[in-house]
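See structure below.
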Amino acid sequence: MFRVTYFIGFLTVLLFVSNEQASAQYPKINLAYGYEVDVEWPKKPLPHRWRYVTGVAVDSKDHIWIVNQMDPPVQCYDREGNLIEAWGDGQFAFPHFLRVDADDNIWVADFRKHAVRKFTQKGELLLTLGTLDEAGSDNAHLNGPTDIAIAKNGDLFVTDGYGNNRIMHYGPDGKFIKTWGELGQEPGQLSQPHGITIDSEGKIYVAERNNCRIQVFNQEGESLDQWRHLVNPWGMWMTDDDELLISGSAPARWKEEFGNLGNPPSNQLVVKFDRTGRMKELWVLPLSKPGTMNPGELDWVHAIAADKDGNIYLGDVADESPFHRIQKFNRLVPEK
């Protein structure tokens with residue numbers, strides 16, 4: 001009898017609370033940041049197509065530079081989506097990430113040509129790191145380089161990621177200084193260092209896709225910290241406020257049929273960290289189904305960059321898609 005009375009009382013309270021909730025007029029205030037895809041950006045001229053949009057960066061004029069595998073591989077757009085520059089036909093085998101330095105020069109890592117090259121904004125070659133079209137593990141060669149970070153003094157740090165699992169440190173003139181890292185999971189070791197960036201104090205952040213972590217180094221190669229099991233990092237972008245944006249997917253476990261951790265991704269994430277590894281913001285974006293190209297969805301997000309207003313640019317690389325995209329997501333701020 002007690003149990004029946006208790007159950008009836010519980011239902012009465014539940015119905016009362018439900019009715020109160022239904023009648024309450026909650027203010028519909030958006031207190032979270034968010035993003036909305038800009039379906040009009042960019043105004044891609046025909047017959048340009050994209051395949052594996054692996055890299056994106058923003059220069060000092062807020063122009064957006066991308067690299068992809070189809071000619072012309074290097075393209076530049078303004079904030080409104082108008083094409084400004086396009087060049088590089090026949091010069092790349094498989095470009096990976098693209099960076100812009102303080103002088104607005106363009107750097108492209110090409111892991112199939114085993115080199116990282118520096119160009120003017122018109123496509124004139126200025127410098128080559130590594131030996132073009134030759135893989136190796138000595139100080140004169142790279143093997144599958146993935147990305148480059150440029151320090152304030154011009155020093156260069158390359159993730160020699162697919163073949164050597166190490167960081168290469170060069171001077172501004174491209175002269176080799178030192179290297180560190182080897183395959184492994186311990187602090188200081190690396191497993192597929194996929195992306196790299198640097199903050200205003202000179203700390204280096206490395207996205208290790210196969211270790212599912214972000215590892216922080218000083219410029220001597222000493223491991224300072226490891227941020228584990230928060231995101232499977234693919235691309236990295238350091239904002240002017242020293243906030244680290246990461247594109248990638250949720251932490252994952254290995255699948256026997258795939259060589260890389262997190263492939264295929266289960267979702268699409270953009271995460272913002274401060275320099276201590278504290279997660280400040282997280283956004284989950286739709287993962288495209290094979291063969292679909294719906295705006296706002298992503299097909300294995302790879303490239304990430306942000307302009308001065310916080311709008312983000314994301315490029316995708318899924319093997320199943322016939323073509324890929326660079327998309328602009330306008331930042332939505334909380335309401336007051």
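Residues in the structure tokens are numbered from 1 in each chain, the chains being A, B, ... in the order shown, and ligands are numbered from 1 in the order shown.
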Please identify all polymer residues within 12 Å of Ile326 in chain A, counting only C-alpha atoms, omitting same-chain residues fewer than 4 positions from it, and present them as an mmCIF file with all heavy atoms, in the first residue's frame.
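Here's the written file around_2.cif:
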```cif
data_model
loop_
_atom_site.group_PDB
_atom_site.id
_atom_site.type_symbol
_atom_site.label_atom_id
_atom_site.label_comp_id
_atom_site.auth_asym_id
_atom_site.auth_seq_id
_atom_site.Cartn_x
_atom_site.Cartn_y
_atom_site.Cartn_z
ATOM 1 N N VAL A 37 26.980 28.717 -41.900
ATOM 2 C CA VAL A 37 27.683 28.634 -43.167
ATOM 3 C C VAL A 37 27.243 29.755 -44.101
ATOM 4 O O VAL A 37 26.063 30.130 -44.148
ATOM 5 C CB VAL A 37 27.459 27.257 -43.836
ATOM 6 C CG1 VAL A 37 26.007 27.059 -44.240
ATOM 7 C CG2 VAL A 37 28.394 27.072 -45.023
ATOM 8 N N ASP A 38 28.213 30.325 -44.807
ATOM 9 C CA ASP A 38 27.949 31.362 -45.808
ATOM 10 C C ASP A 38 27.888 30.677 -47.169
ATOM 11 O O ASP A 38 28.921 30.383 -47.770
ATOM 12 C CB ASP A 38 29.060 32.410 -45.772
ATOM 13 C CG ASP A 38 28.805 33.588 -46.695
ATOM 14 O OD1 ASP A 38 27.931 33.471 -47.581
ATOM 15 O OD2 ASP A 38 29.493 34.609 -46.560
ATOM 16 N N VAL A 39 26.669 30.422 -47.634
ATOM 17 C CA VAL A 39 26.504 29.648 -48.872
ATOM 18 C C VAL A 39 26.945 30.429 -50.106
ATOM 19 O O VAL A 39 27.110 29.845 -51.187
ATOM 20 C CB VAL A 39 25.043 29.181 -49.033
ATOM 21 C CG1 VAL A 39 24.658 28.232 -47.907
ATOM 22 C CG2 VAL A 39 24.085 30.370 -49.075
ATOM 23 N N GLU A 40 27.142 31.739 -49.975
ATOM 24 C CA GLU A 40 27.566 32.554 -51.115
ATOM 25 C C GLU A 40 29.080 32.673 -51.221
ATOM 26 O O GLU A 40 29.580 33.328 -52.146
ATOM 27 C CB GLU A 40 26.950 33.960 -50.993
ATOM 28 C CG GLU A 40 25.431 33.981 -50.949
ATOM 29 C CD GLU A 40 24.807 33.433 -52.217
ATOM 30 O OE1 GLU A 40 25.407 33.643 -53.297
ATOM 31 O OE2 GLU A 40 23.743 32.811 -52.133
ATOM 32 N N TRP A 41 29.810 32.065 -50.285
ATOM 33 C CA TRP A 41 31.268 32.206 -50.277
ATOM 34 C C TRP A 41 31.910 30.850 -50.547
ATOM 35 O O TRP A 41 31.517 29.842 -49.948
ATOM 36 C CB TRP A 41 31.745 32.730 -48.919
ATOM 37 C CG TRP A 41 33.155 33.230 -48.928
ATOM 38 C CD1 TRP A 41 33.565 34.521 -49.054
ATOM 39 C CD2 TRP A 41 34.344 32.434 -48.814
ATOM 40 N NE1 TRP A 41 34.934 34.586 -49.032
ATOM 41 C CE2 TRP A 41 35.437 33.312 -48.889
ATOM 42 C CE3 TRP A 41 34.591 31.076 -48.669
ATOM 43 C CZ2 TRP A 41 36.756 32.877 -48.820
ATOM 44 C CZ3 TRP A 41 35.913 30.621 -48.610
ATOM 45 C CH2 TRP A 41 36.982 31.523 -48.679
ATOM 46 N N PRO A 42 32.971 30.805 -51.390
ATOM 47 C CA PRO A 42 33.441 31.887 -52.255
ATOM 48 C C PRO A 42 32.703 31.884 -53.583
ATOM 49 O O PRO A 42 31.961 30.946 -53.884
ATOM 50 C CB PRO A 42 34.911 31.527 -52.447
ATOM 51 C CG PRO A 42 34.917 30.031 -52.463
ATOM 52 C CD PRO A 42 33.845 29.608 -51.487
ATOM 53 N N LYS A 43 32.953 32.907 -54.358
ATOM 54 C CA LYS A 43 32.393 32.980 -55.714
ATOM 55 C C LYS A 43 33.392 32.298 -56.658
ATOM 56 O O LYS A 43 34.120 32.946 -57.404
ATOM 57 C CB LYS A 43 32.144 34.427 -56.106
ATOM 58 C CG LYS A 43 31.183 35.153 -55.155
ATOM 59 C CD LYS A 43 31.062 36.621 -55.508
ATOM 60 C CE LYS A 43 30.068 37.334 -54.609
ATOM 61 N NZ LYS A 43 30.475 37.370 -53.193
ATOM 62 N N LYS A 44 33.417 30.987 -56.587
ATOM 63 C CA LYS A 44 34.431 30.213 -57.306
ATOM 64 C C LYS A 44 34.202 30.289 -58.809
ATOM 65 O O LYS A 44 33.142 29.892 -59.296
ATOM 66 C CB LYS A 44 34.402 28.756 -56.850
ATOM 67 C CG LYS A 44 35.499 27.902 -57.464
ATOM 68 C CD LYS A 44 35.487 26.494 -56.921
ATOM 69 C CE LYS A 44 34.233 25.748 -57.289
ATOM 70 N NZ LYS A 44 34.331 24.305 -56.995
ATOM 71 N N ARG A 49 37.812 23.552 -59.978
ATOM 72 C CA ARG A 49 37.278 22.513 -59.101
ATOM 73 C C ARG A 49 38.287 22.275 -57.994
ATOM 74 O O ARG A 49 39.454 22.629 -58.118
ATOM 75 C CB ARG A 49 37.017 21.221 -59.892
ATOM 76 C CG ARG A 49 35.979 21.365 -60.987
ATOM 77 C CD ARG A 49 35.761 20.038 -61.697
ATOM 78 N NE ARG A 49 36.972 19.576 -62.358
ATOM 79 C CZ ARG A 49 37.123 18.370 -62.913
ATOM 80 N NH1 ARG A 49 36.123 17.499 -62.858
ATOM 81 N NH2 ARG A 49 38.235 18.015 -63.510
ATOM 82 N N TRP A 50 37.837 21.653 -56.937
ATOM 83 C CA TRP A 50 38.728 21.379 -55.820
ATOM 84 C C TRP A 50 38.800 19.879 -55.564
ATOM 85 O O TRP A 50 37.813 19.166 -55.689
ATOM 86 C CB TRP A 50 38.227 22.057 -54.544
ATOM 87 C CG TRP A 50 38.181 23.548 -54.609
ATOM 88 C CD1 TRP A 50 39.128 24.386 -55.091
ATOM 89 C CD2 TRP A 50 37.109 24.389 -54.157
ATOM 90 N NE1 TRP A 50 38.739 25.699 -54.968
ATOM 91 C CE2 TRP A 50 37.490 25.727 -54.391
ATOM 92 C CE3 TRP A 50 35.872 24.139 -53.571
ATOM 93 C CZ2 TRP A 50 36.673 26.801 -54.059
ATOM 94 C CZ3 TRP A 50 35.064 25.213 -53.237
ATOM 95 C CH2 TRP A 50 35.465 26.527 -53.481
ATOM 96 N N ARG A 51 39.978 19.431 -55.168
ATOM 97 C CA ARG A 51 40.176 18.049 -54.761
ATOM 98 C C ARG A 51 41.142 18.056 -53.581
ATOM 99 O O ARG A 51 42.257 18.564 -53.687
ATOM 100 C CB ARG A 51 40.746 17.227 -55.923
ATOM 101 C CG ARG A 51 40.978 15.756 -55.591
ATOM 102 C CD ARG A 51 39.681 15.022 -55.341
ATOM 103 N NE ARG A 51 39.870 13.578 -55.240
ATOM 104 C CZ ARG A 51 39.052 12.768 -54.562
ATOM 105 N NH1 ARG A 51 38.014 13.276 -53.920
ATOM 106 N NH2 ARG A 51 39.264 11.480 -54.533
ATOM 107 N N TYR A 52 40.724 17.538 -52.453
ATOM 108 C CA TYR A 52 41.512 17.550 -51.224
ATOM 109 C C TYR A 52 41.936 18.979 -50.862
ATOM 110 O O TYR A 52 43.058 19.402 -51.100
ATOM 111 C CB TYR A 52 42.761 16.665 -51.335
ATOM 112 C CG TYR A 52 42.489 15.213 -51.623
ATOM 113 C CD1 TYR A 52 42.985 14.602 -52.773
ATOM 114 C CD2 TYR A 52 41.712 14.450 -50.751
ATOM 115 C CE1 TYR A 52 42.732 13.264 -53.036
ATOM 116 C CE2 TYR A 52 41.454 13.110 -51.021
ATOM 117 C CZ TYR A 52 41.970 12.523 -52.157
ATOM 118 O OH TYR A 52 41.718 11.208 -52.422
ATOM 119 N N VAL A 53 41.010 19.717 -50.274
ATOM 120 C CA VAL A 53 41.332 21.075 -49.809
ATOM 121 C C VAL A 53 42.029 20.929 -48.455
ATOM 122 O O VAL A 53 41.412 20.963 -47.393
ATOM 123 C CB VAL A 53 40.070 21.942 -49.704
ATOM 124 C CG1 VAL A 53 40.463 23.378 -49.336
ATOM 125 C CG2 VAL A 53 39.314 21.945 -51.031
ATOM 126 N N THR A 54 43.343 20.756 -48.518
ATOM 127 C CA THR A 54 44.121 20.392 -47.334
ATOM 128 C C THR A 54 44.577 21.588 -46.520
ATOM 129 O O THR A 54 44.849 21.446 -45.319
ATOM 130 C CB THR A 54 45.353 19.586 -47.750
ATOM 131 O OG1 THR A 54 46.015 20.289 -48.818
ATOM 132 C CG2 THR A 54 44.961 18.195 -48.231
ATOM 133 N N GLY A 55 44.713 22.760 -47.147
ATOM 134 C CA GLY A 55 45.286 23.893 -46.438
ATOM 135 C C GLY A 55 44.528 25.176 -46.651
ATOM 136 O O GLY A 55 44.011 25.432 -47.747
ATOM 137 N N VAL A 56 44.460 26.004 -45.597
ATOM 138 C CA VAL A 56 43.864 27.339 -45.690
ATOM 139 C C VAL A 56 44.584 28.232 -44.690
ATOM 140 O O VAL A 56 44.983 27.783 -43.607
ATOM 141 C CB VAL A 56 42.340 27.303 -45.422
ATOM 142 C CG1 VAL A 56 42.033 26.771 -44.031
ATOM 143 C CG2 VAL A 56 41.710 28.678 -45.623
ATOM 144 N N ALA A 57 44.786 29.479 -45.056
ATOM 145 C CA ALA A 57 45.425 30.455 -44.167
ATOM 146 C C ALA A 57 44.918 31.846 -44.528
ATOM 147 O O ALA A 57 44.435 32.079 -45.641
ATOM 148 C CB ALA A 57 46.948 30.386 -44.286
ATOM 149 N N ILE A 64 42.070 35.160 -47.954
ATOM 150 C CA ILE A 64 42.044 33.749 -47.600
ATOM 151 C C ILE A 64 42.742 32.951 -48.694
ATOM 152 O O ILE A 64 42.323 32.973 -49.864
ATOM 153 C CB ILE A 64 40.594 33.257 -47.400
ATOM 154 C CG1 ILE A 64 39.955 33.964 -46.213
ATOM 155 C CG2 ILE A 64 40.558 31.752 -47.167
ATOM 156 C CD1 ILE A 64 39.275 35.284 -46.535
ATOM 157 N N TRP A 65 43.795 32.237 -48.311
ATOM 158 C CA TRP A 65 44.580 31.421 -49.229
ATOM 159 C C TRP A 65 44.251 29.954 -49.007
ATOM 160 O O TRP A 65 44.171 29.506 -47.859
ATOM 161 C CB TRP A 65 46.072 31.651 -49.008
ATOM 162 C CG TRP A 65 46.528 33.012 -49.412
ATOM 163 C CD1 TRP A 65 46.432 34.168 -48.694
ATOM 164 C CD2 TRP A 65 47.147 33.365 -50.653
ATOM 165 N NE1 TRP A 65 46.952 35.223 -49.393
ATOM 166 C CE2 TRP A 65 47.391 34.758 -50.608
ATOM 167 C CE3 TRP A 65 47.514 32.648 -51.784
ATOM 168 C CZ2 TRP A 65 48.005 35.432 -51.651
ATOM 169 C CZ3 TRP A 65 48.126 33.329 -52.835
ATOM 170 C CH2 TRP A 65 48.353 34.701 -52.760
ATOM 171 N N ILE A 66 44.070 29.206 -50.090
ATOM 172 C CA ILE A 66 43.818 27.774 -49.976
ATOM 173 C C ILE A 66 44.780 27.010 -50.879
ATOM 174 O O ILE A 66 45.350 27.564 -51.827
ATOM 175 C CB ILE A 66 42.364 27.401 -50.336
ATOM 176 C CG1 ILE A 66 42.143 27.464 -51.852
ATOM 177 C CG2 ILE A 66 41.369 28.264 -49.603
ATOM 178 C CD1 ILE A 66 40.911 26.720 -52.324
ATOM 179 N N VAL A 67 44.965 25.733 -50.561
ATOM 180 C CA VAL A 67 45.696 24.844 -51.447
ATOM 181 C C VAL A 67 44.895 23.559 -51.578
ATOM 182 O O VAL A 67 44.297 23.077 -50.619
ATOM 183 C CB VAL A 67 47.129 24.585 -50.928
ATOM 184 C CG1 VAL A 67 47.136 23.786 -49.640
ATOM 185 C CG2 VAL A 67 47.974 23.906 -51.985
ATOM 186 N N ASN A 68 44.866 23.038 -52.812
ATOM 187 C CA ASN A 68 44.177 21.779 -53.082
ATOM 188 C C ASN A 68 44.965 21.026 -54.146
ATOM 189 O O ASN A 68 45.968 21.514 -54.659
ATOM 190 C CB ASN A 68 42.724 22.033 -53.481
ATOM 191 C CG ASN A 68 42.545 22.299 -54.964
ATOM 192 O OD1 ASN A 68 41.925 21.522 -55.679
ATOM 193 N ND2 ASN A 68 43.079 23.421 -55.457
ATOM 194 N N GLN A 75 45.061 29.168 -54.442
ATOM 195 C CA GLN A 75 44.059 30.175 -54.782
ATOM 196 C C GLN A 75 43.897 31.134 -53.612
ATOM 197 O O GLN A 75 44.042 30.743 -52.450
ATOM 198 C CB GLN A 75 42.720 29.523 -55.101
ATOM 199 C CG GLN A 75 42.761 28.550 -56.268
ATOM 200 C CD GLN A 75 41.492 27.746 -56.425
ATOM 201 O OE1 GLN A 75 40.407 28.162 -56.025
ATOM 202 N NE2 GLN A 75 41.617 26.555 -57.006
ATOM 203 N N CYS A 76 43.580 32.389 -53.920
ATOM 204 C CA CYS A 76 43.388 33.416 -52.902
ATOM 205 C C CYS A 76 42.064 34.126 -53.152
ATOM 206 O O CYS A 76 41.753 34.509 -54.293
ATOM 207 C CB CYS A 76 44.540 34.422 -52.931
ATOM 208 S SG CYS A 76 44.359 35.777 -51.753
ATOM 209 N N TYR A 77 41.267 34.304 -52.072
ATOM 210 C CA TYR A 77 39.967 34.967 -52.140
ATOM 211 C C TYR A 77 39.916 36.087 -51.108
ATOM 212 O O TYR A 77 40.573 36.016 -50.060
ATOM 213 C CB TYR A 77 38.838 33.969 -51.848
ATOM 214 C CG TYR A 77 38.735 32.852 -52.846
ATOM 215 C CD1 TYR A 77 39.497 31.694 -52.707
ATOM 216 C CD2 TYR A 77 37.884 32.948 -53.943
ATOM 217 C CE1 TYR A 77 39.410 30.660 -53.630
ATOM 218 C CE2 TYR A 77 37.790 31.929 -54.872
ATOM 219 C CZ TYR A 77 38.555 30.783 -54.714
ATOM 220 O OH TYR A 77 38.474 29.763 -55.635
ATOM 221 N N GLY A 81 34.615 36.707 -51.088
ATOM 222 C CA GLY A 81 34.641 35.496 -51.890
ATOM 223 C C GLY A 81 35.113 35.680 -53.308
ATOM 224 O O GLY A 81 35.037 34.746 -54.126
ATOM 225 N N MET A 293 26.845 16.857 -50.827
ATOM 226 C CA MET A 293 27.597 18.105 -50.786
ATOM 227 C C MET A 293 26.741 19.205 -50.173
ATOM 228 O O MET A 293 26.676 20.318 -50.684
ATOM 229 C CB MET A 293 28.029 18.501 -52.197
ATOM 230 C CG MET A 293 28.997 17.557 -52.862
ATOM 231 S SD MET A 293 30.666 17.657 -52.206
ATOM 232 C CE MET A 293 31.213 19.187 -52.913
ATOM 233 N N PRO A 295 25.599 22.292 -48.039
ATOM 234 C CA PRO A 295 26.309 23.388 -47.367
ATOM 235 C C PRO A 295 26.258 23.224 -45.853
ATOM 236 O O PRO A 295 25.238 22.844 -45.284
ATOM 237 C CB PRO A 295 25.532 24.632 -47.816
ATOM 238 C CG PRO A 295 24.868 24.238 -49.089
ATOM 239 C CD PRO A 295 24.528 22.783 -48.940
ATOM 240 N N GLY A 296 27.382 23.516 -45.202
ATOM 241 C CA GLY A 296 27.453 23.422 -43.754
ATOM 242 C C GLY A 296 27.888 22.071 -43.244
ATOM 243 O O GLY A 296 28.240 21.940 -42.068
ATOM 244 N N GLU A 297 27.855 21.052 -44.115
ATOM 245 C CA GLU A 297 28.378 19.744 -43.738
ATOM 246 C C GLU A 297 29.850 19.657 -44.124
ATOM 247 O O GLU A 297 30.323 20.391 -44.995
ATOM 248 C CB GLU A 297 27.596 18.635 -44.423
ATOM 249 C CG GLU A 297 26.131 18.575 -44.035
ATOM 250 C CD GLU A 297 25.377 17.487 -44.783
ATOM 251 O OE1 GLU A 297 25.938 16.918 -45.746
ATOM 252 O OE2 GLU A 297 24.217 17.231 -44.409
ATOM 253 N N LEU A 298 30.559 18.731 -43.490
ATOM 254 C CA LEU A 298 31.982 18.566 -43.750
ATOM 255 C C LEU A 298 32.292 17.123 -44.079
ATOM 256 O O LEU A 298 31.697 16.205 -43.516
ATOM 257 C CB LEU A 298 32.798 19.009 -42.535
ATOM 258 C CG LEU A 298 32.663 20.496 -42.183
ATOM 259 C CD1 LEU A 298 33.188 20.760 -40.787
ATOM 260 C CD2 LEU A 298 33.391 21.364 -43.196
ATOM 261 N N ASP A 299 33.226 16.947 -44.993
ATOM 262 C CA ASP A 299 33.652 15.620 -45.431
ATOM 263 C C ASP A 299 35.099 15.396 -44.999
ATOM 264 O O ASP A 299 36.024 15.618 -45.765
ATOM 265 C CB ASP A 299 33.541 15.529 -46.958
ATOM 266 C CG ASP A 299 32.532 14.496 -47.414
ATOM 267 O OD1 ASP A 299 32.076 13.718 -46.573
ATOM 268 O OD2 ASP A 299 32.221 14.479 -48.611
ATOM 269 N N TRP A 300 35.310 14.976 -43.754
ATOM 270 C CA TRP A 300 36.644 14.793 -43.178
ATOM 271 C C TRP A 300 37.382 16.135 -43.126
ATOM 272 O O TRP A 300 38.282 16.415 -43.908
ATOM 273 C CB TRP A 300 37.468 13.776 -43.943
ATOM 274 C CG TRP A 300 36.940 12.382 -43.963
ATOM 275 C CD1 TRP A 300 35.638 11.984 -43.834
ATOM 276 C CD2 TRP A 300 37.699 11.185 -44.132
ATOM 277 N NE1 TRP A 300 35.534 10.623 -43.915
ATOM 278 C CE2 TRP A 300 36.800 10.103 -44.101
ATOM 279 C CE3 TRP A 300 39.040 10.917 -44.307
ATOM 280 C CZ2 TRP A 300 37.193 8.783 -44.239
ATOM 281 C CZ3 TRP A 300 39.441 9.604 -44.457
ATOM 282 C CH2 TRP A 300 38.534 8.548 -44.413
ATOM 283 N N VAL A 301 36.984 16.980 -42.196
ATOM 284 C CA VAL A 301 37.554 18.321 -42.098
ATOM 285 C C VAL A 301 39.053 18.231 -41.843
ATOM 286 O O VAL A 301 39.520 17.447 -41.019
ATOM 287 C CB VAL A 301 36.836 19.145 -41.014
ATOM 288 C CG1 VAL A 301 36.998 18.534 -39.630
ATOM 289 C CG2 VAL A 301 37.309 20.592 -41.033
ATOM 290 N N HIS A 302 39.816 19.037 -42.560
ATOM 291 C CA HIS A 302 41.285 19.003 -42.513
ATOM 292 C C HIS A 302 41.838 20.390 -42.248
ATOM 293 O O HIS A 302 42.536 20.607 -41.260
ATOM 294 C CB HIS A 302 41.798 18.451 -43.848
ATOM 295 C CG HIS A 302 43.247 18.089 -43.879
ATOM 296 N ND1 HIS A 302 44.257 19.006 -44.029
ATOM 297 C CD2 HIS A 302 43.867 16.878 -43.791
ATOM 298 C CE1 HIS A 302 45.417 18.398 -44.041
ATOM 299 N NE2 HIS A 302 45.219 17.104 -43.901
ATOM 300 N N ALA A 303 41.535 21.336 -43.121
ATOM 301 C CA ALA A 303 42.108 22.674 -43.050
ATOM 302 C C ALA A 303 41.252 23.584 -42.182
ATOM 303 O O ALA A 303 40.021 23.500 -42.201
ATOM 304 C CB ALA A 303 42.225 23.265 -44.456
ATOM 305 N N ILE A 304 41.907 24.483 -41.442
ATOM 306 C CA ILE A 304 41.199 25.458 -40.620
ATOM 307 C C ILE A 304 41.997 26.746 -40.541
ATOM 308 O O ILE A 304 43.218 26.736 -40.434
ATOM 309 C CB ILE A 304 40.912 24.911 -39.201
ATOM 310 C CG1 ILE A 304 40.096 25.921 -38.383
ATOM 311 C CG2 ILE A 304 42.205 24.522 -38.487
ATOM 312 C CD1 ILE A 304 39.560 25.375 -37.080
ATOM 313 N N ALA A 305 41.289 27.869 -40.616
ATOM 314 C CA ALA A 305 41.873 29.190 -40.387
ATOM 315 C C ALA A 305 40.749 30.117 -39.949
ATOM 316 O O ALA A 305 39.564 29.812 -40.131
ATOM 317 C CB ALA A 305 42.559 29.731 -41.642
ATOM 318 N N ILE A 312 35.415 31.398 -39.495
ATOM 319 C CA ILE A 312 36.351 30.313 -39.756
ATOM 320 C C ILE A 312 36.157 29.753 -41.159
ATOM 321 O O ILE A 312 35.067 29.816 -41.730
ATOM 322 C CB ILE A 312 36.257 29.189 -38.707
ATOM 323 C CG1 ILE A 312 34.847 28.583 -38.658
ATOM 324 C CG2 ILE A 312 36.681 29.682 -37.340
ATOM 325 C CD1 ILE A 312 34.761 27.361 -37.761
ATOM 326 N N TYR A 313 37.249 29.199 -41.682
ATOM 327 C CA TYR A 313 37.284 28.631 -43.025
ATOM 328 C C TYR A 313 37.755 27.186 -42.889
ATOM 329 O O TYR A 313 38.807 26.915 -42.292
ATOM 330 C CB TYR A 313 38.230 29.443 -43.910
ATOM 331 C CG TYR A 313 37.824 30.900 -43.981
ATOM 332 C CD1 TYR A 313 38.210 31.791 -42.983
ATOM 333 C CD2 TYR A 313 37.010 31.371 -45.017
ATOM 334 C CE1 TYR A 313 37.818 33.133 -43.024
ATOM 335 C CE2 TYR A 313 36.620 32.705 -45.059
ATOM 336 C CZ TYR A 313 37.017 33.572 -44.065
ATOM 337 O OH TYR A 313 36.612 34.896 -44.097
ATOM 338 N N LEU A 314 36.970 26.255 -43.431
ATOM 339 C CA LEU A 314 37.226 24.834 -43.245
ATOM 340 C C LEU A 314 37.266 24.129 -44.596
ATOM 341 O O LEU A 314 36.392 24.338 -45.439
ATOM 342 C CB LEU A 314 36.136 24.211 -42.369
ATOM 343 C CG LEU A 314 35.996 24.788 -40.952
ATOM 344 C CD1 LEU A 314 34.760 24.224 -40.271
ATOM 345 C CD2 LEU A 314 37.238 24.492 -40.118
ATOM 346 N N GLY A 315 38.280 23.283 -44.786
ATOM 347 C CA GLY A 315 38.410 22.495 -46.007
ATOM 348 C C GLY A 315 38.338 21.020 -45.696
ATOM 349 O O GLY A 315 38.826 20.577 -44.650
ATOM 350 N N ASP A 316 37.760 20.227 -46.606
ATOM 351 C CA ASP A 316 37.586 18.798 -46.338
ATOM 352 C C ASP A 316 38.298 17.927 -47.374
ATOM 353 O O ASP A 316 38.650 18.384 -48.458
ATOM 354 C CB ASP A 316 36.110 18.408 -46.203
ATOM 355 C CG ASP A 316 35.217 19.046 -47.256
ATOM 356 O OD1 ASP A 316 35.698 19.327 -48.369
ATOM 357 O OD2 ASP A 316 34.027 19.244 -46.973
ATOM 358 N N VAL A 317 38.480 16.618 -47.000
ATOM 359 C CA VAL A 317 39.382 15.765 -47.784
ATOM 360 C C VAL A 317 38.923 14.311 -47.898
ATOM 361 O O VAL A 317 39.722 13.441 -48.226
ATOM 362 C CB VAL A 317 40.806 15.768 -47.166
ATOM 363 C CG1 VAL A 317 41.419 17.149 -47.177
ATOM 364 C CG2 VAL A 317 40.801 15.191 -45.756
#
```
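The residue set within 10 Å of His48 in chain A, counting only C-alpha atoms and dropping same-chain residues fewer than 2 places from it, reads A:Lys44, A:Pro45, A:Leu46, A:Trp50, A:Met70, A:Asp71, A:Pro72, A:Pro73, A:Gln75, A:Ala86.
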Write the residues you've just listed into a file as a PDB file, in the first residue's frame, and include C-alpha atoms for each of them.
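What landed in out.pdb:
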```pdb
ATOM      1  CA  LYS A  44      34.431  30.213 -57.306  1.00  0.00           C
ATOM      2  CA  PRO A  45      34.981  30.888 -60.997  1.00  0.00           C
ATOM      3  CA  LEU A  46      34.416  28.083 -63.486  1.00  0.00           C
ATOM      4  CA  TRP A  50      38.728  21.379 -55.820  1.00  0.00           C
ATOM      5  CA  MET A  70      43.649  20.252 -58.611  1.00  0.00           C
ATOM      6  CA  ASP A  71      45.024  23.028 -60.819  1.00  0.00           C
ATOM      7  CA  PRO A  72      45.317  25.820 -59.973  1.00  0.00           C
ATOM      8  CA  PRO A  73      46.349  24.414 -56.580  1.00  0.00           C
ATOM      9  CA  GLN A  75      44.059  30.175 -54.782  1.00  0.00           C
ATOM     10  CA  ALA A  86      45.475  31.477 -58.650  1.00  0.00           C
TER      11      ALA A  86
END
```
(request) Just the residues within 8 Å of Tyr170 in chain A, please, counting only C-alpha atoms, with nothing from its chain fewer than 5 positions along; format it as a PyMOL selection string. (result) chain A and resi 155-157+175-178
Dump as a PDB file, in the first residue's frame, selection limited to N, CA and C atoms:
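And here is the file that came out, selection_12.pdb:
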```
ATOM      1  N   ASP A 155      62.549  31.825 -37.561  1.00  0.00           N
ATOM      2  CA  ASP A 155      62.906  30.415 -37.507  1.00  0.00           C
ATOM      3  C   ASP A 155      61.728  29.559 -37.960  1.00  0.00           C
ATOM      4  N   LEU A 156      62.071  28.399 -38.540  1.00  0.00           N
ATOM      5  CA  LEU A 156      61.084  27.543 -39.188  1.00  0.00           C
ATOM      6  C   LEU A 156      61.061  26.178 -38.512  1.00  0.00           C
ATOM      7  N   PHE A 157      59.849  25.663 -38.275  1.00  0.00           N
ATOM      8  CA  PHE A 157      59.678  24.362 -37.638  1.00  0.00           C
ATOM      9  C   PHE A 157      58.735  23.531 -38.502  1.00  0.00           C
ATOM     10  N   LYS A 175      68.674  27.283 -43.310  1.00  0.00           N
ATOM     11  CA  LYS A 175      69.797  26.477 -42.851  1.00  0.00           C
ATOM     12  C   LYS A 175      69.351  25.583 -41.694  1.00  0.00           C
ATOM     13  N   PHE A 176      69.690  24.297 -41.776  1.00  0.00           N
ATOM     14  CA  PHE A 176      69.297  23.336 -40.751  1.00  0.00           C
ATOM     15  C   PHE A 176      69.933  23.689 -39.412  1.00  0.00           C
ATOM     16  N   ILE A 177      69.121  23.617 -38.325  1.00  0.00           N
ATOM     17  CA  ILE A 177      69.610  23.876 -36.966  1.00  0.00           C
ATOM     18  C   ILE A 177      69.620  22.594 -36.142  1.00  0.00           C
ATOM     19  N   LYS A 178      68.473  21.937 -36.030  1.00  0.00           N
ATOM     20  CA  LYS A 178      68.410  20.720 -35.231  1.00  0.00           C
ATOM     21  C   LYS A 178      67.130  19.964 -35.557  1.00  0.00           C
TER      22      LYS A 178
END
```
(message) Which residues are near Gly259 in chain A? Cut-off 12 Å, only C-alpha atoms, ignore same chain within fewer than 3 positions. Put them as a PyMOL selection string.
(response) chain A and resi 162+192+209-210+253-256+262-264
